[in-house]
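Student: This structure is in structure tokens; I'll ask about it shortly.
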Amino acid sequence: MRITTKAIIETVTELVGQDVVPLVKYIKDKKNISEFKIAEKIDQEVNQTRNQLYRLHGHHLVTYHRKKDRQKGWYISYWTFNKKRVTHVIERIKQTKIEKLKQRLAKETKNHNSFYICPKFCVRLNFDIATDFEFRCPECGEMLKQQDNSKTIDHLKKQLKKLEA
Ligand SMILES: [Zn+2]
């Protein structure tokens, strides 16, 4: 699966937050970039940059290795963006969506044209529960109306097809 920049940005924003976007845009196609260089390139403090990198690391979205700087005598971390992880996350989100849609579709199909809805939209009940309430809205007391859910079923089927394509 090829992954677009848009998909990468959406995923990291969702998981880590909007503030990491400039950093991710900078490192996404590079390898082993020192945190000092990243901070400089995106014009940000090193501490803030480290904080963002650790947060990304918390979601396995970056990997790093440490190397001792011979001249300065301290350790520097070199970071690489983990595109595979993004692909994996996107695939997982998609599968969850598909599962939920399938469950909804099964429920709608099983209760085809036997949902009952309050004219004031307080509730939507299946036949058995509507019977328990004698076809009156448990919230406001209005008579419930039988609902044609064919359009909902069609809509769910279309959404599923699109996701599974
Ligand atoms: Zn009602």
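Labeling convention for the structure tokens: chains A, B, ... as they appear, residues from 1 per chain, ligands from 1 in order of appearance.
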Identify, on the basis of only C-alpha atoms, every residue whose closest approach to A:Ile117 does not exceed 9 Å; exclude the query and any residue fewer than 5 positions from it along the same chain; express the result as a PyMOL selection string.

Tutor: chain A and resi 122-126+130+137+143-147

Student: Residues within 12 Å of A:Lys151, please, as a PDB file with N, CA and C atoms, in the first residue's frame. Count only C-alpha atoms; anything in the same chain fewer than 4 positions from it doesn't count.

Tutor:
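The new file around14.pdb reads:
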ATOM      1  N   LEU A 105     -25.054  -2.799   9.519  1.00  0.00           N
ATOM      2  CA  LEU A 105     -25.809  -3.304   8.371  1.00  0.00           C
ATOM      3  C   LEU A 105     -26.607  -4.554   8.763  1.00  0.00           C
ATOM      4  N   GLU A 108     -29.605  -3.425  10.746  1.00  0.00           N
ATOM      5  CA  GLU A 108     -30.618  -2.784   9.907  1.00  0.00           C
ATOM      6  C   GLU A 108     -31.350  -3.818   9.043  1.00  0.00           C
ATOM      7  N   THR A 109     -30.591  -4.765   8.495  1.00  0.00           N
ATOM      8  CA  THR A 109     -31.190  -5.770   7.617  1.00  0.00           C
ATOM      9  C   THR A 109     -32.124  -6.682   8.405  1.00  0.00           C
ATOM     10  N   HIS A 112     -35.402  -4.934   8.983  1.00  0.00           N
ATOM     11  CA  HIS A 112     -35.839  -4.171   7.814  1.00  0.00           C
ATOM     12  C   HIS A 112     -37.294  -3.723   7.958  1.00  0.00           C
ATOM     13  N   ASN A 113     -37.495  -2.412   7.890  1.00  0.00           N
ATOM     14  CA  ASN A 113     -38.824  -1.791   8.031  1.00  0.00           C
ATOM     15  C   ASN A 113     -39.538  -2.110   9.339  1.00  0.00           C
ATOM     16  N   GLN A 147     -40.528   3.094  10.462  1.00  0.00           N
ATOM     17  CA  GLN A 147     -39.564   3.783   9.595  1.00  0.00           C
ATOM     18  C   GLN A 147     -39.086   2.852   8.485  1.00  0.00           C
ATOM     19  N   HIS A 155     -27.238   2.877   1.907  1.00  0.00           N
ATOM     20  CA  HIS A 155     -26.133   3.767   2.247  1.00  0.00           C
ATOM     21  C   HIS A 155     -24.997   2.977   2.921  1.00  0.00           C
ATOM     22  N   LEU A 156     -25.349   2.128   3.853  1.00  0.00           N
ATOM     23  CA  LEU A 156     -24.337   1.320   4.556  1.00  0.00           C
ATOM     24  C   LEU A 156     -23.614   0.386   3.598  1.00  0.00           C
ATOM     25  N   LYS A 157     -24.381  -0.209   2.680  1.00  0.00           N
ATOM     26  CA  LYS A 157     -23.784  -1.119   1.695  1.00  0.00           C
ATOM     27  C   LYS A 157     -22.771  -0.391   0.823  1.00  0.00           C
ATOM     28  N   LYS A 158     -23.147   0.830   0.416  1.00  0.00           N
ATOM     29  CA  LYS A 158     -22.251   1.622  -0.425  1.00  0.00           C
ATOM     30  C   LYS A 158     -20.962   1.974   0.324  1.00  0.00           C
TER      31      LYS A 158
END

Student: Check every protein, DNA and RNA residue against ligand 1, keep those with an atom at most 7 Å away (counting only C-alpha atoms and all ligand atoms), and present them as number ranges by chain.

Tutor: A: 118-123, 137-142

Student: Save the residues we just selected, C-alpha atoms, as a PDB file, in the first residue's frame?

Tutor:
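Generated output (selection_27.pdb):
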ATOM      1  CA  CYS A 118     -40.353   9.165  17.516  1.00  0.00           C
ATOM      2  CA  PRO A 119     -41.636  12.073  15.327  1.00  0.00           C
ATOM      3  CA  LYS A 120     -39.550  14.336  17.573  1.00  0.00           C
ATOM      4  CA  PHE A 121     -36.493  12.091  17.047  1.00  0.00           C
ATOM      5  CA  CYS A 122     -36.059  11.200  20.742  1.00  0.00           C
ATOM      6  CA  VAL A 123     -35.678   7.475  20.104  1.00  0.00           C
ATOM      7  CA  CYS A 137     -41.977   7.305  22.847  1.00  0.00           C
ATOM      8  CA  PRO A 138     -40.569   6.574  26.332  1.00  0.00           C
ATOM      9  CA  GLU A 139     -39.113  10.092  26.377  1.00  0.00           C
ATOM     10  CA  CYS A 140     -42.029  12.300  25.284  1.00  0.00           C
ATOM     11  CA  GLY A 141     -45.055  10.017  24.926  1.00  0.00           C
ATOM     12  CA  GLU A 142     -45.680  10.667  21.193  1.00  0.00           C
TER      13      GLU A 142
END

Student: Fewer than 3 positions away in the same chain doesn't count, so skip those; otherwise give me all residues within 9 Å of A:Lys83, counting only C-alpha atoms, as a list in words.

Tutor: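 Residues near the query, excluding close chain neighbours: Ile3, Ile8, Lys28, Asp29, Leu61, Val62, Val86, Thr87 and His88 of chain A.
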
Student: Keeping only N, CA and C atoms, take the residues you just selected and write them out as a short mmCIF file (atom, residue, chain, number, x, y, z; two decimals), in the first residue's frame.

Tutor:
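Contents of part-v5.cif, freshly written:
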data_model
loop_
_atom_site.label_atom_id
_atom_site.label_comp_id
_atom_site.auth_asym_id
_atom_site.auth_seq_id
_atom_site.Cartn_x
_atom_site.Cartn_y
_atom_site.Cartn_z
N ILE A 3 1.49 5.14 0.52
CA ILE A 3 0.87 6.03 1.49
C ILE A 3 1.12 7.49 1.13
N ILE A 8 -0.50 10.39 6.00
CA ILE A 8 0.47 10.41 7.10
C ILE A 8 0.13 11.53 8.09
N LYS A 28 9.77 12.73 7.32
CA LYS A 28 9.07 11.54 6.81
C LYS A 28 9.80 10.78 5.70
N ASP A 29 10.60 11.48 4.89
CA ASP A 29 11.31 10.78 3.82
C ASP A 29 12.82 10.70 4.05
N LEU A 61 5.94 5.52 15.98
CA LEU A 61 5.94 6.20 14.68
C LEU A 61 7.34 6.65 14.27
N VAL A 62 8.29 6.59 15.19
CA VAL A 62 9.69 6.87 14.86
C VAL A 62 10.58 5.85 15.57
N VAL A 86 2.61 3.67 10.09
CA VAL A 86 1.45 4.46 9.67
C VAL A 86 0.51 3.60 8.82
N THR A 87 1.10 2.88 7.87
CA THR A 87 0.32 1.98 7.02
C THR A 87 -0.47 0.99 7.88
N HIS A 88 0.22 0.45 8.88
CA HIS A 88 -0.40 -0.52 9.78
C HIS A 88 -1.57 0.11 10.55
#

Student: Can you tell me, as a VMD selection string, which residues in chain A count as alpha helix (DSSP H) by DSSP?

Tutor: chain A and resid 5 to 15 21 to 27 35 to 41 46 to 58 83 to 110 127 to 132 150 to 164

Student: Show me, as JSON, numbers by chain, the residues that have an atom within 10 Å of A:Gln52 when counting only C-alpha atoms, minus same-chain residues fewer than 2 positions from it.

Tutor: {"A": [16, 17, 19, 20, 21, 23, 24, 46, 47, 48, 49, 50, 54, 55, 56, 57, 58]}
